[in-house]
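J.: My structure file coords_31.txt, compact mmCIF, C-alpha atoms, is below:
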# COMPACT_ATOMS: atom_id res chain seq x y z
CA MET A 24 -31.87 -1.42 24.83
CA GLY A 25 -28.14 -2.16 24.88
CA LYS A 26 -27.97 -3.02 21.16
CA ARG A 27 -30.02 0.03 20.27
CA VAL A 28 -27.74 2.32 22.30
CA LYS A 29 -24.70 0.92 20.50
CA GLN A 30 -26.36 1.48 17.13
CA TYR A 31 -27.23 5.06 18.06
CA LYS A 32 -23.66 5.74 19.23
CA LYS A 33 -22.29 4.46 15.95
CA LEU A 34 -24.82 6.53 14.03
CA MET A 35 -23.91 9.71 15.91
CA ARG A 36 -20.23 9.06 15.20
CA SER A 37 -21.11 9.03 11.52
CA PHE A 38 -22.94 12.34 11.93
CA GLN A 39 -19.93 13.75 13.78
CA MET A 40 -17.87 13.13 10.66
CA LEU A 41 -20.27 15.53 8.91
CA GLY A 42 -19.78 18.37 11.39
CA PHE A 43 -21.97 17.59 14.43
CA ARG A 44 -20.40 18.56 17.75
CA GLU A 45 -21.48 18.61 21.37
CA PRO A 46 -23.52 20.25 22.75
CA TYR A 47 -26.07 18.97 20.26
CA GLN A 48 -28.73 21.48 19.22
CA LEU A 49 -32.05 19.66 19.58
CA LEU A 50 -34.89 21.40 17.71
CA MET A 51 -38.41 20.21 18.59
CA THR A 52 -41.95 20.75 17.34
CA SER A 53 -45.07 21.18 19.45
CA ASP A 54 -46.55 17.74 18.72
CA ILE A 55 -43.67 15.79 20.34
CA ILE A 56 -44.03 17.92 23.50
CA LEU A 57 -47.73 17.14 23.66
CA ASP A 58 -47.18 13.39 23.15
CA THR A 59 -44.54 13.10 25.87
CA LEU A 60 -46.17 14.96 28.77
CA LYS A 61 -46.12 11.81 30.91
CA LEU A 62 -42.45 11.09 30.08
CA ASP A 63 -39.20 12.71 31.11
CA LEU A 64 -38.32 13.99 27.66
CA LEU A 65 -34.82 15.27 28.46
CA SER A 66 -33.71 11.98 30.04
CA LEU A 67 -34.96 10.13 26.94
CA PHE A 68 -32.87 12.38 24.72
CA GLU A 69 -29.81 11.93 26.94
CA LYS A 70 -30.09 8.12 26.92
CA THR A 71 -30.68 7.94 23.18
CA LEU A 72 -27.82 10.27 22.24
CA SER A 73 -25.54 8.96 25.06
CA THR A 74 -24.71 12.44 26.31
CA LYS A 75 -26.00 15.05 28.76
CA ASN A 76 -24.52 17.86 26.73
CA LEU A 77 -27.72 18.96 24.92
CA LYS A 78 -29.45 22.23 23.99
CA PRO A 79 -33.21 21.68 23.62
CA MET A 80 -34.76 24.40 21.40
CA ILE A 81 -38.15 25.41 20.06
CA THR A 82 -39.14 28.07 17.53
CA GLN A 83 -41.50 30.96 18.19
CA CYS A 84 -43.99 29.64 15.62
CA CYS A 85 -44.15 26.24 17.40
CA ILE A 86 -45.02 27.93 20.72
CA ARG A 87 -47.71 29.97 18.98
CA ALA A 88 -49.11 26.71 17.61
CA LEU A 89 -49.37 25.48 21.22
CA TYR A 90 -51.18 28.64 22.26
CA ALA A 91 -53.64 28.08 19.40
CA ARG A 92 -54.62 24.76 21.05
CA ASN A 93 -55.11 26.27 24.47
CA LYS A 94 -58.60 24.84 24.70
CA ASP A 95 -57.24 21.33 25.35
CA PRO A 96 -56.59 20.56 29.05
CA ASP A 97 -53.02 19.28 28.58
CA VAL A 98 -51.83 22.18 26.44
CA ALA A 99 -51.08 24.40 29.46
CA ARG A 100 -48.60 21.86 30.78
CA ALA A 101 -47.02 21.55 27.32
CA ILE A 102 -46.66 25.37 27.16
CA GLU A 103 -44.98 25.42 30.56
CA ARG A 104 -42.51 22.75 29.46
CA ALA A 105 -41.83 24.52 26.13
CA LYS A 106 -40.99 27.74 28.01
CA THR A 107 -38.11 25.94 29.76
CA PHE A 108 -36.43 25.31 26.39
CA GLU A 109 -34.24 27.76 24.53
CA ARG A 110 -36.20 30.00 22.13
CA ARG A 111 -34.94 29.81 18.56
CA ARG A 112 -35.63 32.88 16.48
CA CYS A 113 -37.19 32.00 13.17
CA GLY A 114 -37.49 35.57 11.80
CA HIS A 115 -41.27 35.52 11.56
CA LEU A 116 -42.92 38.61 12.98
CA MET A 117 -45.33 38.38 15.91
CA ASP A 118 -47.77 40.78 14.25
CA GLU A 119 -48.34 38.44 11.37
CA ASP A 120 -50.27 35.22 11.51
CA ALA A 121 -48.34 32.23 12.75
CA HIS A 122 -46.67 30.25 9.98
CA PRO A 123 -47.24 26.52 9.78
CA GLU A 124 -44.70 24.55 11.76
CA ARG A 125 -43.39 22.77 8.66
CA GLU A 126 -42.54 26.01 6.89
CA CYS A 127 -41.00 27.47 10.03
CA MET A 128 -38.84 24.41 10.66
CA LEU A 129 -37.65 24.25 7.06
CA SER A 130 -36.77 27.97 7.06
CA VAL A 131 -34.70 27.50 10.25
CA ILE A 132 -32.95 24.27 9.22
CA ASP A 133 -32.34 25.17 5.56
CA PRO A 134 -32.52 28.97 5.36
CA LYS A 135 -30.97 29.25 1.86
CA LYS A 136 -32.89 26.25 0.47
CA LYS A 137 -29.70 24.50 -0.67
CA GLY A 138 -30.58 21.16 0.92
CA GLU A 139 -28.02 21.65 3.73
CA ASN A 140 -28.47 21.63 7.49
CA LYS A 141 -26.25 24.66 7.98
CA PHE A 142 -26.37 24.88 11.81
CA ARG A 143 -26.40 21.11 12.40
CA TYR A 144 -29.74 20.70 14.17
CA ILE A 145 -31.10 17.39 15.44
CA VAL A 146 -34.85 17.46 14.70
CA ALA A 147 -37.42 15.75 16.96
CA THR A 148 -40.92 15.71 15.52
CA GLN A 149 -43.95 13.47 15.23
CA ASP A 150 -44.87 14.86 11.81
CA GLU A 151 -44.11 12.15 9.23
CA HIS A 152 -44.50 14.53 6.29
CA LEU A 153 -41.96 16.93 7.81
CA ARG A 154 -39.52 14.06 8.41
CA GLU A 155 -39.89 13.00 4.79
CA MET A 156 -39.08 16.54 3.64
CA LEU A 157 -36.06 16.78 5.95
CA ARG A 158 -34.51 13.50 4.70
CA SER A 159 -33.38 15.37 1.60
CA VAL A 160 -31.62 18.00 3.74
CA VAL A 161 -28.01 16.90 4.38
CA PRO A 162 -27.17 15.96 7.13
CA THR A 163 -30.20 15.92 9.44
CA PRO A 164 -30.69 13.37 12.26
CA LEU A 165 -34.39 12.72 12.80
CA MET A 166 -36.06 11.53 16.03
CA TYR A 167 -39.61 10.62 17.03
CA VAL A 168 -41.46 8.84 19.85
CA LYS A 169 -43.25 5.55 19.32
CA ARG A 170 -44.93 3.71 22.21
CA SER A 171 -43.02 5.70 24.81
CA VAL A 172 -39.71 4.88 23.09
CA LEU A 173 -37.55 7.55 21.49
CA ILE A 174 -36.23 6.38 18.12
CA LEU A 175 -33.35 7.79 16.10
CA GLU A 176 -33.83 7.19 12.39
CA PRO A 177 -31.00 5.66 10.34
CA MET A 178 -28.98 7.95 8.15
CA ALA A 179 -30.72 8.90 4.90
CA GLU A 180 -29.18 8.01 1.53
CA SER A 181 -28.31 11.62 0.76
CA SER A 182 -26.49 11.92 4.08
CA GLN A 183 -24.64 8.63 3.47
CA LYS A 184 -23.42 9.85 0.08
CA ALA A 185 -22.27 13.12 1.66
CA ARG A 186 -20.37 11.16 4.33
CA GLU A 187 -18.63 9.00 1.71
CA ARG A 188 -17.61 12.12 -0.22
CA GLU A 189 -16.28 13.68 2.98
CA GLU A 190 -14.29 10.56 3.85
CA ARG A 191 -12.80 10.38 0.35
CA ALA A 192 -11.85 14.07 0.41
CA LYS A 193 -10.22 13.74 3.84
CA PHE A 194 -8.34 10.65 2.73
CA MET A 195 -6.95 12.35 -0.37
CA ALA A 196 -6.11 15.51 1.57
CA GLY A 197 -4.33 13.44 4.21
CA ILE A 198 -2.20 11.71 1.57
CA VAL A 199 -1.17 15.02 -0.01
CA ARG A 200 -0.51 16.71 3.32
CA GLY A 201 1.35 13.70 4.63
CA SER A 202 3.71 13.64 1.64
CA LYS A 203 4.34 17.39 1.91
CA ARG A 204 4.93 17.18 5.63
CA LYS A 205 7.33 14.29 5.20
CA ARG A 206 9.33 16.23 2.64
CA GLU A 207 9.40 19.33 4.83
CA ASP A 208 10.33 17.30 7.89
CA ASP A 209 13.10 15.51 5.96
CA ASP A 210 14.50 18.84 4.72
CA GLU A 211 14.33 20.38 8.18
CA GLY A 212 15.89 17.30 9.71
CA GLU A 213 18.77 17.32 7.24
CA GLU A 214 19.41 21.03 7.83
CA ALA A 215 19.32 20.53 11.57
CA LYS A 216 21.69 17.56 11.29
CA ASP A 217 24.13 19.54 9.17
CA ALA A 218 24.06 22.46 11.58
CA GLY A 219 24.47 20.14 14.54
CA ASN A 220 27.35 18.30 12.87
CA GLU A 221 29.12 21.59 12.14
CA GLU A 222 28.68 22.69 15.72
CA MET A 223 29.90 19.34 17.00
CA ASP A 224 32.92 19.41 14.72
CA SER A 225 33.86 22.92 15.80
CA GLY A 226 33.35 22.00 19.45
CA ASP A 227 35.44 18.82 19.10
CA GLU A 228 38.25 20.70 17.40
CA ARG A 229 38.32 23.31 20.14
CA ALA A 230 38.34 20.66 22.85
CA LYS A 231 41.20 18.80 21.13
CA LYS A 232 43.27 21.97 20.86
CA ARG A 233 42.74 22.72 24.54
CA GLU A 234 43.75 19.19 25.52
CA GLU A 235 46.88 19.36 23.38
CA GLU A 236 47.85 22.68 24.90
CA ALA A 237 47.24 21.44 28.45
CA LYS A 238 49.22 18.20 28.03
CA PRO A 239 53.06 18.36 28.45
CA ASN A 240 55.25 17.35 25.55
CA LYS A 241 56.05 13.67 26.04
CA LYS A 242 58.80 11.84 24.17
CA LYS A 243 57.61 9.11 21.95
CA LYS A 244 58.99 5.66 22.71
CA ASN A 245 60.73 3.79 19.94
CA HIS A 246 59.51 0.23 20.20
CA GLY A 247 61.70 -0.98 17.29
CA PRO A 248 60.66 -2.93 14.22
CA LYS A 249 57.57 -4.97 14.59
CA GLY A 250 57.92 -8.73 14.29
CA PRO A 251 55.60 -11.10 12.50
CA ASN A 252 52.39 -12.19 14.03
CA PRO A 253 53.24 -15.15 16.28
CA LEU A 254 49.92 -16.80 15.54
CA ALA A 255 50.56 -16.71 11.77
CA VAL A 256 54.12 -18.16 11.95
CA LYS A 257 54.71 -21.90 11.85
CA LYS A 258 56.45 -23.41 14.82
CA LYS A 259 60.06 -24.65 14.33
CA LYS A 260 60.56 -28.37 14.50
CA LYS A 261 63.25 -29.85 16.78
CA GLU A 262 66.41 -31.47 15.28
CA ASN A 263 65.63 -34.96 16.54
CA GLU A 264 62.17 -34.81 15.06
CA GLY A 265 63.65 -33.68 11.70
CA ARG A 266 66.11 -36.56 11.63
CA LYS A 267 63.43 -39.07 12.50
CA ASP A 268 61.28 -37.79 9.68
CA LYS A 269 64.16 -38.09 7.20
CA ASN A 270 64.99 -41.67 8.28
CA GLU A 271 61.36 -42.65 8.05
CA LYS A 272 61.16 -41.19 4.53
CA LYS A 273 64.34 -43.08 3.40
CA SER A 274 63.16 -46.41 4.84
CA ALA A 275 59.82 -45.97 3.15
CA ALA A 276 61.49 -45.23 -0.23
CA ALA A 277 63.81 -48.30 0.11
CA ALA A 278 60.88 -50.54 0.93
CA ILE A 279 59.05 -49.27 -2.12
CA THR A 280 62.07 -50.00 -4.46
CA ASP A 281 62.62 -53.50 -3.00
CA GLY A 282 59.01 -54.33 -3.45
CA ALA A 283 59.11 -53.17 -7.06
CA ALA A 284 62.22 -55.31 -7.78
CA THR A 285 60.70 -58.44 -6.32
CA GLU A 286 57.53 -57.88 -8.30
CA GLU A 287 59.57 -57.70 -11.60
CA LYS A 288 61.17 -61.19 -11.05
CA ALA A 289 59.35 -64.30 -12.07
CA PRO A 290 58.29 -66.56 -9.24
CA GLY A 291 60.36 -69.63 -10.44
CA GLU A 292 63.62 -67.88 -11.43
CA THR A 293 66.73 -67.86 -9.21
CA LYS A 294 69.70 -65.56 -9.22
CA PRO A 295 72.71 -66.99 -11.22
CA LYS A 296 75.82 -67.85 -9.19
CA ARG A 297 79.02 -65.95 -9.81
CA LYS A 298 82.02 -67.97 -11.16
CA ARG A 299 85.40 -67.36 -9.61
CA ARG A 300 88.80 -67.76 -11.39
CA LYS A 301 91.53 -69.84 -9.87
CA LYS A 302 94.68 -67.93 -9.00
CA ALA A 303 98.03 -68.94 -10.75
CA PRO A 304 100.69 -70.49 -8.50
CA THR A 305 103.54 -68.31 -7.31
CA ALA A 306 107.37 -68.84 -8.13
CA GLY A 307 108.23 -70.34 -4.76
CA ALA A 308 105.60 -72.98 -5.16
CA GLY A 309 107.18 -74.07 -8.60
CA ASN A 310 110.64 -74.43 -7.17
CA ALA A 311 109.37 -76.62 -4.37
CA GLU A 312 107.65 -78.88 -6.84
CA SER A 313 110.87 -79.08 -9.02
CA GLY A 314 112.88 -80.20 -5.98
CA SER A 315 110.58 -83.14 -5.66
CA GLY A 316 111.94 -84.52 -9.03
CA GLU A 317 109.15 -83.45 -11.41
CA LYS A 318 110.96 -81.27 -14.00
CA THR A 319 108.20 -81.34 -16.49
CA GLU A 320 105.66 -79.61 -14.20
CA GLY A 321 108.05 -76.72 -13.33
CA ALA A 322 108.30 -75.49 -16.94
CA PRO A 323 104.81 -74.29 -17.27
CA ALA A 324 105.09 -72.42 -14.03
CA ALA A 325 107.93 -70.31 -15.39
CA ASP A 326 106.05 -69.58 -18.52
CA ALA A 327 102.81 -68.82 -16.71
CA GLY A 328 103.02 -65.12 -17.40
CA LYS A 329 103.52 -65.61 -21.17
CA PRO A 330 100.67 -66.08 -23.54
CA VAL A 331 100.06 -69.56 -24.80
CA VAL A 332 100.28 -70.03 -28.62
CA ALA A 333 98.44 -72.90 -30.22
CA GLU A 334 100.49 -75.26 -32.47
CA GLU A 335 99.59 -75.59 -36.07
CA ASP A 336 99.16 -79.04 -37.58
Would you give me this structure, written as structure tokens?
T.:
Amino acid sequence: MGKRVKQYKKLMRSFQMLGFREPYQLLMTSDIILDTLKLDLLSLFEKTLSTKNLKPMITQCCIRALYARNKDPDVARAIERAKTFERRRCGHLMDEDAHPERECMLSVIDPKKKGENKFRYIVATQDEHLREMLRSVVPTPLMYVKRSVLILEPMAESSQKAREREERAKFMAGIVRGSKRKREDDDEGEEAKDAGNEEMDSGDERAKKREEEAKPNKKKKNHGPKGPNPLAVKKKKKENEGRKDKNEKKSAAAAITDGAATEEKAPGETKPKRKRRKKAPTAGAGNAESGSGEKTEGAPAADAGKPVVAEED
């Protein structure tokens, strides 16, 4: 029963998309009242449709059909139950003969014969031929009793096609309306923003003027020229550090030159020794030597400053 109730709820939601609303108008024929005398018919309808908001109805021609069977013993009870339901006017006169229930039901459900359930009736009948005729009327939920169980028929193909068309139309209409509404909302929002900004600007200007008027005239402080950013300026080096750096640079350059000079010399070569000239003897030294008796050696000392001329052979 739980699965069936869920299926019926889903089915009624589909019918609601086609215009069915609570309270549901439940139109019955005489045969279903006769077949359910031992059952609580209203509670069956409420459980099947998952709602207590129902309007059970019966036409005048269906009640007259019950009166025509008054010879049966159970018909009196069926008539008493039918009288508790709402009477639906079918437009057939009482003076005339009673119309067949099929014709009466079709004239009530589809009065203009356009294949449309104009007043959205839910039909409960045991007549299979009538149910077959009503399947072509869109949209018509059909119910019948089988083995003391009330059954709600699945949606007919014509009703399914009508539901698909309705869904498509709503979808397209929603897209168009949504785009229009967005444009209108955007325009209204921009206008409101502009108006609000103008009001805010005017209010801010007024408030600033009031504040300026209320404040006393204060002298501006001259802070002087601004200096450079201390974080962006390099720190000054101390004098000792500068001297050390210079000495280190000079020693490094001298070491580089010495190394280059040593690399240019051959490994076996030695530096030539410097020759020194002997100094000429002074005048006092020549006189001392002449006093010793050597006259010949004193002559060259006197002539030491003169150039020596070679003798020719």
J.: Mind pulling up the distance from atom CA of Ala179 of chain A to atom CA of Asp63 of chain A?
T.: 27.8 Å
J.: Please measure the separation of atom CA of Gln83 of chain A and atom CA of Gly114 of chain A, giving the value in Å to one decimal.
T.: 8.8 Å
J.: Restrict the calculation to all atoms listed in the file, then for each residue of segment 101-146 of chain A with any atom at most 9 Å from an atom of segment 164-167 of chain A give the closest atom pair and their distance in Å to one decimal, rows by chain and rising residue number, as a Markdown table.
T.:
| residue | atom | partner | partner_atom | distance |
| --- | --- | --- | --- | --- |
| A:Arg143 | CA | A:Pro164 | CA | 8.9 |
| A:Tyr144 | CA | A:Pro164 | CA | 7.6 |
| A:Ile145 | CA | A:Pro164 | CA | 5.1 |
| A:Val146 | CA | A:Leu165 | CA | 5.1 |
J.: Rounded to one decimal in Å, what is the spacing between atom CA of Glu155 of chain A and atom CA of Ser181 of chain A?
T.: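 Answer for the atom CA of Glu155 of chain A to atom CA of Ser181 of chain A separation: 12.3 Å.
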J.: Show me, as a CSV table (one decimal) with C-alpha atoms, keeping the file's coordinate frame, the residues that have an atom within 9 Å of segment 69-76 of chain A when counting all atoms listed in the file, minus same-chain residues fewer than 2 positions from it.
T.:
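Ended up saving to result00.csv:
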chain,number,residue,atom,x,y,z
A,27,ARG,CA,-30.0,0.0,20.3
A,28,VAL,CA,-27.7,2.3,22.3
A,31,TYR,CA,-27.2,5.1,18.1
A,32,LYS,CA,-23.7,5.7,19.2
A,35,MET,CA,-23.9,9.7,15.9
A,45,GLU,CA,-21.5,18.6,21.4
A,46,PRO,CA,-23.5,20.2,22.8
A,47,TYR,CA,-26.1,19.0,20.3
A,64,LEU,CA,-38.3,14.0,27.7
A,65,LEU,CA,-34.8,15.3,28.5
A,66,SER,CA,-33.7,12.0,30.0
A,67,LEU,CA,-35.0,10.1,26.9
A,78,LYS,CA,-29.4,22.2,24.0
A,173,LEU,CA,-37.6,7.6,21.5
A,174,ILE,CA,-36.2,6.4,18.1
A,175,LEU,CA,-33.4,7.8,16.1
J.: Write out as a list in words each polymer residue whose atoms come within 8 Å of Cys113 of chain A, counting only C-alpha atoms; drop sequence neighbours fewer than 3 positions from it.
T.: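 Using only C-alpha atoms, the neighbours found are Thr82, Gln83, Cys84, Cys127, Ser130 and Val131 of chain A.
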J.: Show which residues sit within 12 Å of Leu153 of chain A, as a PDB file with C-alpha atoms, in the coordinates of the input. Count only C-alpha atoms, and ignore same-chain residues fewer than 6 positions away.
T.:
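Output saved as around10.pdb:
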ATOM      1  CA  MET A  51     -38.410  20.210  18.590  1.00  0.00           C
ATOM      2  CA  THR A  52     -41.950  20.750  17.340  1.00  0.00           C
ATOM      3  CA  ASP A  54     -46.550  17.740  18.720  1.00  0.00           C
ATOM      4  CA  PRO A 123     -47.240  26.520   9.780  1.00  0.00           C
ATOM      5  CA  GLU A 124     -44.700  24.550  11.760  1.00  0.00           C
ATOM      6  CA  ARG A 125     -43.390  22.770   8.660  1.00  0.00           C
ATOM      7  CA  GLU A 126     -42.540  26.010   6.890  1.00  0.00           C
ATOM      8  CA  CYS A 127     -41.000  27.470  10.030  1.00  0.00           C
ATOM      9  CA  MET A 128     -38.840  24.410  10.660  1.00  0.00           C
ATOM     10  CA  LEU A 129     -37.650  24.250   7.060  1.00  0.00           C
ATOM     11  CA  ILE A 132     -32.950  24.270   9.220  1.00  0.00           C
ATOM     12  CA  VAL A 146     -34.850  17.460  14.700  1.00  0.00           C
ATOM     13  CA  ALA A 147     -37.420  15.750  16.960  1.00  0.00           C
ATOM     14  CA  SER A 159     -33.380  15.370   1.600  1.00  0.00           C
ATOM     15  CA  VAL A 160     -31.620  18.000   3.740  1.00  0.00           C
ATOM     16  CA  THR A 163     -30.200  15.920   9.440  1.00  0.00           C
ATOM     17  CA  LEU A 165     -34.390  12.720  12.800  1.00  0.00           C
ATOM     18  CA  MET A 166     -36.060  11.530  16.030  1.00  0.00           C
ATOM     19  CA  TYR A 167     -39.610  10.620  17.030  1.00  0.00           C
TER      20      TYR A 167
END
J.: For Ile81 of chain A, which residue out of A:Thr148, A:Ser37, A:Thr59, A:Ser171 is the nearest one, using only C-alpha atoms?
T.: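 Result for the nearest residue to Ile81 of chain A: A:Thr148.
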J.: Taking (-30.8, 24.3, 19.5) in the file's own coordinates, collect the residues within 6 Å, counting all atoms listed in the file, and hand them back as a PyMOL selection string.
T.: chain A and resi 48-50+78-80
J.: Applying 12 Å and only C-alpha atoms, which residues near segment 182-199 of chain A remain after dropping the ones on its own chain fewer than 4 positions away? List them as a PDB file with C-alpha atoms, in the frame of the given file.
T.:
ATOM      1  CA  LEU A  34     -24.820   6.530  14.030  1.00  0.00           C
ATOM      2  CA  ARG A  36     -20.230   9.060  15.200  1.00  0.00           C
ATOM      3  CA  SER A  37     -21.110   9.030  11.520  1.00  0.00           C
ATOM      4  CA  PHE A  38     -22.940  12.340  11.930  1.00  0.00           C
ATOM      5  CA  GLN A  39     -19.930  13.750  13.780  1.00  0.00           C
ATOM      6  CA  MET A  40     -17.870  13.130  10.660  1.00  0.00           C
ATOM      7  CA  LEU A  41     -20.270  15.530   8.910  1.00  0.00           C
ATOM      8  CA  GLY A  42     -19.780  18.370  11.390  1.00  0.00           C
ATOM      9  CA  GLY A 138     -30.580  21.160   0.920  1.00  0.00           C
ATOM     10  CA  GLU A 139     -28.020  21.650   3.730  1.00  0.00           C
ATOM     11  CA  ASN A 140     -28.470  21.630   7.490  1.00  0.00           C
ATOM     12  CA  LEU A 157     -36.060  16.780   5.950  1.00  0.00           C
ATOM     13  CA  ARG A 158     -34.510  13.500   4.700  1.00  0.00           C
ATOM     14  CA  SER A 159     -33.380  15.370   1.600  1.00  0.00           C
ATOM     15  CA  VAL A 160     -31.620  18.000   3.740  1.00  0.00           C
ATOM     16  CA  VAL A 161     -28.010  16.900   4.380  1.00  0.00           C
ATOM     17  CA  PRO A 162     -27.170  15.960   7.130  1.00  0.00           C
ATOM     18  CA  THR A 163     -30.200  15.920   9.440  1.00  0.00           C
ATOM     19  CA  PRO A 164     -30.690  13.370  12.260  1.00  0.00           C
ATOM     20  CA  LEU A 165     -34.390  12.720  12.800  1.00  0.00           C
ATOM     21  CA  PRO A 177     -31.000   5.660  10.340  1.00  0.00           C
ATOM     22  CA  MET A 178     -28.980   7.950   8.150  1.00  0.00           C
ATOM     23  CA  LYS A 203       4.340  17.390   1.910  1.00  0.00           C
ATOM     24  CA  ARG A 204       4.930  17.180   5.630  1.00  0.00           C
ATOM     25  CA  LYS A 205       7.330  14.290   5.200  1.00  0.00           C
ATOM     26  CA  ARG A 206       9.330  16.230   2.640  1.00  0.00           C
TER      27      ARG A 206
END
J.: For the point (-45.9, 22.0, 21.9) in file coordinates, what residues are within 6 Å, counting all atoms listed in the file? Give the answer as a list of chain:residue names?
T.: A:Ser53, A:Asp54, A:Ile56, A:Leu57, A:Leu89, A:Ala101
J.: So, counting only C-alpha atoms, which residue among A:Lys136, A:Arg87, A:His152, A:Lys94 is closest to Lys106 of chain A?
T.: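 Selected residue with least distance to Lys106 of chain A: A:Arg87.
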